[in-house]
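Colleague: Have a look at this one before I ask anything.
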Amino acid sequence: MKISAETFQLETKYPFVIARAGAADQRSVFLEIAHDGKVGLGEAHPSSYYYNETPEKVLEVVAKVGDLLGDDPFPIVDIVARITEAFPDAPAAVAGIDIALHDLCGKLLGVPVYKMLALNPANTPRTSYTIGIDTIDVMLKKLEEAREYPILKIKVGVDNDMEMIRAIRDNTDAIIRVDANTGWGVDEAIEKINALEQFDIELIEQPIKAGDYEGLRKIRQNTNIPLMADEDSITTAELPKLIGCVDAINIKLMKCRGLCEALRMIHTAHSLGMDVMLGCMTESSLSLTAAAQLSPLTKYADLDMNLLLTNDPYEGLKVVDGKIILPESPGVGAIRR
Ligand code: MG
């Protein structure tokens, strides 16, 4: 197998601001793995929050990974395990390779990834549409632009977040999810979540900093809105620690190293009684469509970044009345525009 990669600067319509980070590096790395006349496409979007990974680091992994790929793309679980062991601090790089291998194998077999994985494409969930932190005026403008989406994810974790949510709820009947991105303290979270109940909030994502399981448990015992871990749910290894702490987890391919581990996480979470969301970083339609291939297994999806980009180089999943529609073409099904 031959692997190559290049970086690409993704542009968003608005600067994407969340509680724990300002303007982030919006470069993705697009990968190609060629074998037997077919080319598998992958995308890595590294986050400085996880292992301080950068596009340069991804390119370094791609340059060194050659022999570990082997000459048979089908045992993806084994290949990804080898690469993870060799590069434990490059989750997005591994995810990009995992995605490219799934795409390649689907193309070699002539079937979409969901079919390779025995999943029913009719069972995809609806995705939320994310509104990042901004002034209330700009957030209300974004709300106007989001009219066609029945589920909104609102980023909070700033001083006036109650005011923000009130202004949004006053202007929409949509389902609202709230993501604090580690922005609150434990007591602050309890107070704010209880105050948020009046606004009919579906779930609260990652209220406090990662690793404070006691804090999460205390919040859960003193509030009524379901809690979801994101920064606290990276791979399957974290999930047993979250028992009793949260009702659901957010899985992102770029945190967990791709579809192989995401599948493991989905089934583990379900066995622990937790619901699952498939989420994303600032990614193009390529890796979003890869994640969407697993969405028939999950209750929630937040695969909306393509809706927020102005220069998405790929076309793949579609969103109709909020519901994710998977492409029927072989592999991941993302096509370069
Ligand atoms: Mg989140």
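Ordering of the structure tokens sets the chain letters (A, B, ...), residue numbers begin anew at 1 in every chain, and ligands are numbered from 1 in the order given.
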What do you get as a VMD selection string if you pick all residues at most 12 Å from ligand 1, counting only C-alpha atoms and all ligand atoms?
Modeller: chain A and resid 17 to 21 128 130 to 132 153 to 157 177 to 183 203 to 210 227 to 234 248 to 252 255 277 to 282 301 to 303
Colleague: List as a list of chain:residue names the protein and nucleic acid residues near Ala146 in chain A, meaning an atom at most 12 Å away when only C-alpha atoms are counted, but skip any in the same chain fewer than 4 places from it.
Modeller: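 The residues that qualify are A:Ser128, A:Tyr129, A:Thr130, A:Ile131, A:Met139, A:Leu140, A:Lys141, A:Lys142, A:Pro150, A:Ile151, A:Leu152, A:Lys153, A:Ile154, A:Ile168, A:Asn171, A:Thr172, A:Asp173, A:Ala174, A:Asp304, A:Leu307, A:Leu308, A:Asp321, A:Gly322.
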Colleague: Could you tell me how far CA of Thr310 in chain A sits from CA of Ile136 in chain A, in Å to one decimal place?
Modeller: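 We find that CA of Ile136 in chain A and CA of Thr310 in chain A lie 22.6 Å from each other.
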Colleague: List every residue of range 33-259 of chain A that DSSP, applied to the backbone of this structure, places in alpha helix (DSSP H), and write the result as JSON, numbers by chain.
Modeller: {"A": [55, 56, 57, 58, 59, 60, 61, 62, 63, 64, 66, 67, 68, 69, 76, 77, 78, 79, 80, 81, 82, 83, 84, 85, 86, 91, 92, 93, 94, 95, 96, 97, 98, 99, 100, 101, 102, 103, 104, 105, 106, 107, 108, 109, 113, 114, 115, 116, 136, 137, 138, 139, 140, 141, 142, 143, 144, 145, 161, 162, 163, 164, 165, 166, 167, 168, 169, 186, 187, 188, 189, 190, 191, 192, 193, 194, 195, 196, 213, 214, 215, 216, 217, 218, 219, 220, 221, 253, 254, 255, 256, 259]}
Colleague: Which residues are close to Val62 in chain A, i.e. within 9 Å by only C-alpha atoms, leaving aside same-chain residues fewer than 4 positions away? Reply as a PDB file with N, CA and C atoms, in the first residue's frame.
Modeller:
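Listed below is the output, out.pdb:
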```pdb
ATOM      1  N   ILE A   3       0.975   5.355   0.767  1.00  0.00           N
ATOM      2  CA  ILE A   3       0.245   6.401   1.485  1.00  0.00           C
ATOM      3  C   ILE A   3       0.847   7.771   1.203  1.00  0.00           C
ATOM      4  N   SER A   4      -0.017   8.773   1.045  1.00  0.00           N
ATOM      5  CA  SER A   4       0.457  10.149   0.874  1.00  0.00           C
ATOM      6  C   SER A   4      -0.517  11.086   1.585  1.00  0.00           C
ATOM      7  N   ALA A   5      -0.087  12.335   1.807  1.00  0.00           N
ATOM      8  CA  ALA A   5      -0.936  13.270   2.554  1.00  0.00           C
ATOM      9  C   ALA A   5      -0.594  14.707   2.224  1.00  0.00           C
ATOM     10  N   LEU A  31      -5.503  12.362   3.448  1.00  0.00           N
ATOM     11  CA  LEU A  31      -4.615  11.226   3.182  1.00  0.00           C
ATOM     12  C   LEU A  31      -5.157  10.381   2.037  1.00  0.00           C
ATOM     13  N   LYS A  57       2.682  16.923  12.841  1.00  0.00           N
ATOM     14  CA  LYS A  57       2.825  15.611  13.473  1.00  0.00           C
ATOM     15  C   LYS A  57       2.138  14.525  12.621  1.00  0.00           C
ATOM     16  N   VAL A  58       0.971  14.866  12.086  1.00  0.00           N
ATOM     17  CA  VAL A  58       0.247  13.904  11.240  1.00  0.00           C
ATOM     18  C   VAL A  58       1.102  13.554  10.014  1.00  0.00           C
ATOM     19  N   GLY A  66       4.744   3.663   6.583  1.00  0.00           N
ATOM     20  CA  GLY A  66       4.787   2.730   5.463  1.00  0.00           C
ATOM     21  C   GLY A  66       4.729   1.245   5.769  1.00  0.00           C
ATOM     22  N   ALA A  93      -3.977  11.341  13.401  1.00  0.00           N
ATOM     23  CA  ALA A  93      -3.234  10.675  12.321  1.00  0.00           C
ATOM     24  C   ALA A  93      -3.730   9.241  12.155  1.00  0.00           C
ATOM     25  N   ILE A  97      -5.799   7.432   8.905  1.00  0.00           N
ATOM     26  CA  ILE A  97      -5.402   6.172   8.263  1.00  0.00           C
ATOM     27  C   ILE A  97      -6.546   5.153   8.348  1.00  0.00           C
TER      28      ILE A  97
END
```
Colleague: Hey, what's within 12 Å of Glu85 in chain A if we count only C-alpha atoms and toss same-chain stuff fewer than 4 positions away? As a PyMOL selection string, please?
Modeller: chain A and resi 65+68+78-81+89-91+94+257
Colleague: Output the selection as a CSV table (one decimal), in the first residue's frame - C-alpha atoms for each residue.
Modeller:
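Just written: part_10.csv:
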```
chain,number,residue,atom,x,y,z
A,65,VAL,CA,4.1,4.5,8.8
A,68,LEU,CA,3.2,-0.9,9.3
A,78,ASP,CA,-4.8,-5.3,13.3
A,79,ILE,CA,-3.3,-2.5,11.2
A,80,VAL,CA,-4.7,0.3,13.3
A,81,ALA,CA,-3.6,-1.5,16.5
A,89,ASP,CA,0.2,10.4,20.8
A,90,ALA,CA,-1.2,11.0,17.3
A,91,PRO,CA,-4.9,10.0,17.5
A,94,VAL,CA,-4.4,7.2,13.2
A,257,ARG,CA,-8.4,7.0,16.4
```
Colleague: Which one of A:Lys115, A:Arg336, A:Lys13, A:Arg217 sits closest to Tyr314 in chain A if you count only C-alpha atoms?
Modeller: A:Arg336
Colleague: Identify which of the residues A:Ile176, A:Ile165, A:Val111, A:Ile83 lies closest to Pro327 in chain A, counting only C-alpha atoms when measuring atom-to-atom distances.
Modeller: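 Looking only at the distances to Pro327 in chain A, the closest residue turns out to be A:Val111.
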Colleague: Mind the document's chain letters and residue numbers, and return as number ranges by chain the residues of range 180-236 of chain A that DSSP labels strand (DSSP E).
Modeller: A: 201-205, 227-229
Colleague: Applying 10 Å and only C-alpha atoms, which residues near Asn311 in chain A remain after dropping the ones on its own chain fewer than 4 positions away? List them as a PyMOL selection string.
Modeller: chain A and resi 9-13+284+306
Colleague: Take the residues just selected and output them with C-alpha atoms as a CSV table (one decimal), in the first residue's frame.
Modeller:
```csv
chain,number,residue,atom,x,y,z
A,9,GLN,CA,-6.9,25.1,5.4
A,10,LEU,CA,-10.6,24.8,6.2
A,11,GLU,CA,-12.5,28.1,6.4
A,12,THR,CA,-15.5,28.6,8.6
A,13,LYS,CA,-18.3,31.2,8.1
A,284,SER,CA,-14.7,18.4,6.1
A,306,ASN,CA,-19.8,20.8,6.8
```
